[in-house]
Amino acid sequence: MTTNAQIKQDFIQGMSGISQFWGFPKALGAIFGALYLSSAPLSLDELVEGTGLTKGAISTNVRALTRMGLIHPVTKLADRKDYYEAETDFYKSVQVMLQGRQNSEFDRAIHSVRETLEQLEAGAGSFDKKERAFLIERLQALQEFFNAIDSVTRAISKLDRLGIHTVQSVIKILK
């Protein structure tokens, strides 16, 4: 017979796998999984116990999850420990992640791709015809991807300005 703890542990392992699939540390998924299944905020010590990770790994990944908007800190009166809970509004989490796209580092990367592509298209460098065509094709594909990310970000921002109730109505219609 499967125990309650085993069911939760299986979910946490599954979230670790999903996290790793998307290129994030497995610990990120494990921490989110543990918090998502918890009805109360958890301390770092409780996360160590629930995931089997080290306190250092928990601390590092909690900061990353907080920046991503997937978890947030919770304070308890008369308790100096740090507590966290999972964000359950996934639309809100997507918004936070897409707003991170406005990050100046990401903008520099986009600018670098665009600038390199323009140089190659203008004939800069001494690449042979085949290599130049290859590089241009690769950079155009990356540029198209970045343009798509920008379009999604702008669309989400516009929907957000309309209000969450409007967005939820649109989603219901699309279902």
# chains A, B, ... in the order shown; residues from 1 in each chain; ligands from 1
>>> select_by_dssp(residues="chain A", states="strand (DSSP E or B)", output="number ranges by chain")
A: 42-43, 71-74, 83-86
>>> residues_around(residues="region 14-23 of chain A", least_positions_apart="6", cutoff="10 Å", atoms="only C-alpha atoms", output="MDAnalysis selection string")
chainID A and resid 8 29:34
>>> write_last_selection(atoms="N, CA and C atoms", output="PDB file, in the first residue's frame")
ATOM      1  N   LYS A   8       3.544  11.954  -1.867  1.00  0.00           N
ATOM      2  CA  LYS A   8       4.148  13.294  -1.932  1.00  0.00           C
ATOM      3  C   LYS A   8       5.573  13.222  -2.465  1.00  0.00           C
ATOM      4  N   GLY A  29      12.914  22.084  -8.786  1.00  0.00           N
ATOM      5  CA  GLY A  29      11.642  21.393  -8.910  1.00  0.00           C
ATOM      6  C   GLY A  29      11.232  20.716  -7.610  1.00  0.00           C
ATOM      7  N   ALA A  30      12.206  20.137  -6.911  1.00  0.00           N
ATOM      8  CA  ALA A  30      11.904  19.454  -5.652  1.00  0.00           C
ATOM      9  C   ALA A  30      11.371  20.442  -4.616  1.00  0.00           C
ATOM     10  N   ILE A  31      11.998  21.595  -4.524  1.00  0.00           N
ATOM     11  CA  ILE A  31      11.562  22.608  -3.550  1.00  0.00           C
ATOM     12  C   ILE A  31      10.172  23.112  -3.911  1.00  0.00           C
ATOM     13  N   PHE A  32       9.964  23.426  -5.192  1.00  0.00           N
ATOM     14  CA  PHE A  32       8.633  23.886  -5.598  1.00  0.00           C
ATOM     15  C   PHE A  32       7.594  22.808  -5.308  1.00  0.00           C
ATOM     16  N   GLY A  33       7.906  21.559  -5.619  1.00  0.00           N
ATOM     17  CA  GLY A  33       6.980  20.459  -5.378  1.00  0.00           C
ATOM     18  C   GLY A  33       6.612  20.328  -3.911  1.00  0.00           C
ATOM     19  N   ALA A  34       7.612  20.410  -3.043  1.00  0.00           N
ATOM     20  CA  ALA A  34       7.356  20.299  -1.599  1.00  0.00           C
ATOM     21  C   ALA A  34       6.478  21.445  -1.120  1.00  0.00           C
TER      22      ALA A  34
END
>>> atom_distance(atom1="CA of Phe24 (chain A)", atom2="CA of Glu49 (chain A)")
21.3 Å
>>> select_by_dssp(residues="chain A", states="helix (DSSP H, G or I)", output="PyMOL selection string")
chain A and resi 4-21+26-36+44-51+55-68+90-102+104-121+129-162+164-174
>>> write_last_selection(atoms="C-alpha atoms", output="CSV table (one decimal), in the first residue's frame")
chain,number,residue,atom,x,y,z
A,4,ASN,CA,0.8,9.6,2.0
A,5,ALA,CA,4.5,10.4,2.3
A,6,GLN,CA,5.4,8.2,-0.7
A,7,ILE,CA,2.7,9.9,-2.8
A,8,LYS,CA,4.1,13.3,-1.9
A,9,GLN,CA,7.7,12.1,-2.5
A,10,ASP,CA,6.8,10.7,-5.9
A,11,PHE,CA,5.3,14.1,-6.8
A,12,ILE,CA,8.5,15.9,-5.6
A,13,GLN,CA,10.6,13.6,-7.7
A,14,GLY,CA,8.4,14.2,-10.7
A,15,MET,CA,8.8,18.0,-10.3
A,16,SER,CA,12.6,17.5,-10.1
A,17,GLY,CA,12.4,15.7,-13.4
A,18,ILE,CA,10.4,18.4,-15.0
A,19,SER,CA,12.7,21.0,-13.7
A,20,GLN,CA,15.7,19.2,-15.1
A,21,PHE,CA,14.0,18.7,-18.4
A,26,LYS,CA,16.5,19.3,-10.0
A,27,ALA,CA,16.5,20.9,-6.6
A,28,LEU,CA,14.4,23.8,-8.0
A,29,GLY,CA,11.6,21.4,-8.9
A,30,ALA,CA,11.9,19.5,-5.7
A,31,ILE,CA,11.6,22.6,-3.5
A,32,PHE,CA,8.6,23.9,-5.6
A,33,GLY,CA,7.0,20.5,-5.4
A,34,ALA,CA,7.4,20.3,-1.6
A,35,LEU,CA,6.0,23.8,-1.2
A,36,TYR,CA,3.1,23.3,-3.7
A,44,LEU,CA,14.3,26.1,5.2
A,45,ASP,CA,14.8,23.3,7.8
A,46,GLU,CA,11.4,21.8,6.8
A,47,LEU,CA,12.4,21.9,3.2
A,48,VAL,CA,15.7,20.2,4.0
A,49,GLU,CA,13.7,17.4,5.7
A,50,GLY,CA,11.1,17.1,3.0
A,51,THR,CA,13.5,17.1,0.0
A,55,LYS,CA,20.5,23.7,3.5
A,56,GLY,CA,22.8,25.4,1.1
A,57,ALA,CA,21.1,24.0,-2.0
A,58,ILE,CA,17.7,24.9,-0.5
A,59,SER,CA,18.8,28.5,0.2
A,60,THR,CA,20.3,29.0,-3.3
A,61,ASN,CA,17.3,27.5,-5.1
A,62,VAL,CA,14.7,29.3,-2.9
A,63,ARG,CA,16.3,32.6,-4.0
A,64,ALA,CA,16.0,31.5,-7.7
A,65,LEU,CA,12.3,30.4,-7.2
A,66,THR,CA,11.5,33.7,-5.5
A,67,ARG,CA,13.0,35.7,-8.4
A,68,MET,CA,11.0,33.6,-10.8
A,90,PHE,CA,0.3,30.3,-12.6
A,91,TYR,CA,-0.7,33.2,-14.7
A,92,LYS,CA,0.9,35.5,-12.2
A,93,SER,CA,4.1,33.3,-12.3
A,94,VAL,CA,4.2,33.5,-16.1
A,95,GLN,CA,3.9,37.3,-15.8
A,96,VAL,CA,6.8,37.5,-13.4
A,97,MET,CA,9.0,35.3,-15.7
A,98,LEU,CA,8.1,37.3,-18.8
A,99,GLN,CA,8.7,40.6,-17.1
A,100,GLY,CA,12.2,39.2,-16.4
A,101,ARG,CA,12.5,39.5,-20.2
A,102,GLN,CA,12.7,43.2,-19.7
A,104,SER,CA,18.9,44.7,-19.4
A,105,GLU,CA,21.1,41.6,-19.7
A,106,PHE,CA,18.5,39.9,-21.9
A,107,ASP,CA,18.2,43.1,-23.9
A,108,ARG,CA,22.0,43.1,-24.4
A,109,ALA,CA,21.9,39.5,-25.7
A,110,ILE,CA,19.1,40.4,-28.2
A,111,HIS,CA,21.1,43.4,-29.3
A,112,SER,CA,24.2,41.3,-29.7
A,113,VAL,CA,22.4,38.8,-32.0
A,114,ARG,CA,20.9,41.6,-34.1
A,115,GLU,CA,24.2,43.4,-34.4
A,116,THR,CA,26.1,40.3,-35.3
A,117,LEU,CA,23.5,39.4,-37.9
A,118,GLU,CA,23.6,42.8,-39.4
A,119,GLN,CA,27.5,42.6,-39.7
A,120,LEU,CA,27.3,39.2,-41.4
A,121,GLU,CA,24.6,40.4,-43.8
A,129,LYS,CA,30.1,31.9,-48.6
A,130,LYS,CA,28.9,28.6,-47.1
A,131,GLU,CA,29.9,29.5,-43.5
A,132,ARG,CA,28.5,33.0,-43.8
A,133,ALA,CA,25.2,31.5,-45.0
A,134,PHE,CA,25.2,29.0,-42.2
A,135,LEU,CA,25.9,31.7,-39.5
A,136,ILE,CA,23.2,34.0,-41.0
A,137,GLU,CA,20.7,31.2,-41.0
A,138,ARG,CA,21.4,30.3,-37.4
A,139,LEU,CA,21.3,34.0,-36.2
A,140,GLN,CA,18.0,34.6,-38.1
A,141,ALA,CA,16.4,31.6,-36.3
A,142,LEU,CA,17.6,33.0,-33.0
A,143,GLN,CA,16.4,36.4,-33.9
A,144,GLU,CA,12.9,35.0,-34.8
A,145,PHE,CA,12.8,33.2,-31.5
A,146,PHE,CA,13.6,36.4,-29.6
A,147,ASN,CA,11.0,38.3,-31.6
A,148,ALA,CA,8.4,35.7,-30.6
A,149,ILE,CA,9.3,36.0,-27.0
A,150,ASP,CA,8.9,39.8,-27.3
A,151,SER,CA,5.5,39.4,-28.9
A,152,VAL,CA,4.3,37.1,-26.2
A,153,THR,CA,5.6,39.5,-23.5
A,154,ARG,CA,3.8,42.4,-25.1
A,155,ALA,CA,0.6,40.4,-25.5
A,156,ILE,CA,0.7,39.3,-21.8
A,157,SER,CA,1.4,42.9,-20.7
A,158,LYS,CA,-1.6,44.1,-22.8
A,159,LEU,CA,-3.8,41.4,-21.3
A,160,ASP,CA,-2.6,42.4,-17.8
A,161,ARG,CA,-3.6,46.0,-18.4
A,162,LEU,CA,-7.1,44.8,-19.3
A,164,ILE,CA,-7.2,39.6,-14.7
A,165,HIS,CA,-10.9,39.0,-15.0
A,166,THR,CA,-10.8,39.9,-18.7
A,167,VAL,CA,-7.9,37.5,-19.1
A,168,GLN,CA,-9.7,34.7,-17.3
A,169,SER,CA,-12.8,35.3,-19.5
A,170,VAL,CA,-10.7,35.0,-22.7
A,171,ILE,CA,-9.1,31.8,-21.4
A,172,LYS,CA,-12.5,30.3,-20.6
A,173,ILE,CA,-13.7,31.1,-24.2
A,174,LEU,CA,-10.6,29.5,-25.6
>>> atom_distance(atom1="CA of Thr3 (chain A)", atom2="CA of Leu53 (chain A)")
21.3 Å
>>> residues_around(residues="Pro73 (chain A)", least_positions_apart="3", cutoff="10 Å", atoms="only C-alpha atoms", output="PDB file with N, CA and C atoms, in the first residue's frame")
ATOM      1  N   PRO A  41       3.051  27.374   5.001  1.00  0.00           N
ATOM      2  CA  PRO A  41       4.412  27.748   4.607  1.00  0.00           C
ATOM      3  C   PRO A  41       5.446  26.866   5.310  1.00  0.00           C
ATOM      4  N   LEU A  42       6.559  26.605   4.631  1.00  0.00           N
ATOM      5  CA  LEU A  42       7.612  25.760   5.193  1.00  0.00           C
ATOM      6  C   LEU A  42       8.883  26.568   5.423  1.00  0.00           C
ATOM      7  N   SER A  43       9.607  26.216   6.476  1.00  0.00           N
ATOM      8  CA  SER A  43      10.897  26.836   6.758  1.00  0.00           C
ATOM      9  C   SER A  43      11.972  26.138   5.926  1.00  0.00           C
ATOM     10  N   VAL A  62      15.867  28.521  -3.356  1.00  0.00           N
ATOM     11  CA  VAL A  62      14.739  29.326  -2.872  1.00  0.00           C
ATOM     12  C   VAL A  62      14.852  30.749  -3.430  1.00  0.00           C
ATOM     13  N   ARG A  63      16.068  31.275  -3.460  1.00  0.00           N
ATOM     14  CA  ARG A  63      16.266  32.628  -4.023  1.00  0.00           C
ATOM     15  C   ARG A  63      15.886  32.649  -5.497  1.00  0.00           C
ATOM     16  N   THR A  66      12.124  32.426  -5.880  1.00  0.00           N
ATOM     17  CA  THR A  66      11.511  33.700  -5.479  1.00  0.00           C
ATOM     18  C   THR A  66      11.631  34.710  -6.621  1.00  0.00           C
ATOM     19  N   ASP A  82      12.895  31.892   8.204  1.00  0.00           N
ATOM     20  CA  ASP A  82      12.331  32.237   6.903  1.00  0.00           C
ATOM     21  C   ASP A  82      11.371  31.129   6.491  1.00  0.00           C
ATOM     22  N   TYR A  83      10.165  31.507   6.069  1.00  0.00           N
ATOM     23  CA  TYR A  83       9.163  30.554   5.596  1.00  0.00           C
ATOM     24  C   TYR A  83       8.794  30.913   4.165  1.00  0.00           C
ATOM     25  N   TYR A  84       8.390  29.902   3.404  1.00  0.00           N
ATOM     26  CA  TYR A  84       8.040  30.102   2.005  1.00  0.00           C
ATOM     27  C   TYR A  84       6.791  29.315   1.659  1.00  0.00           C
ATOM     28  N   GLU A  85       6.063  29.823   0.661  1.00  0.00           N
ATOM     29  CA  GLU A  85       4.930  29.085   0.128  1.00  0.00           C
ATOM     30  C   GLU A  85       4.939  29.207  -1.390  1.00  0.00           C
ATOM     31  N   ALA A  86       4.335  28.227  -2.037  1.00  0.00           N
ATOM     32  CA  ALA A  86       4.299  28.196  -3.503  1.00  0.00           C
ATOM     33  C   ALA A  86       3.247  29.162  -4.023  1.00  0.00           C
TER      34      ALA A  86
END
>>> atom_distance(atom1="CA of Ile71 (chain A)", atom2="CA of Thr88 (chain A)")
8.7 Å
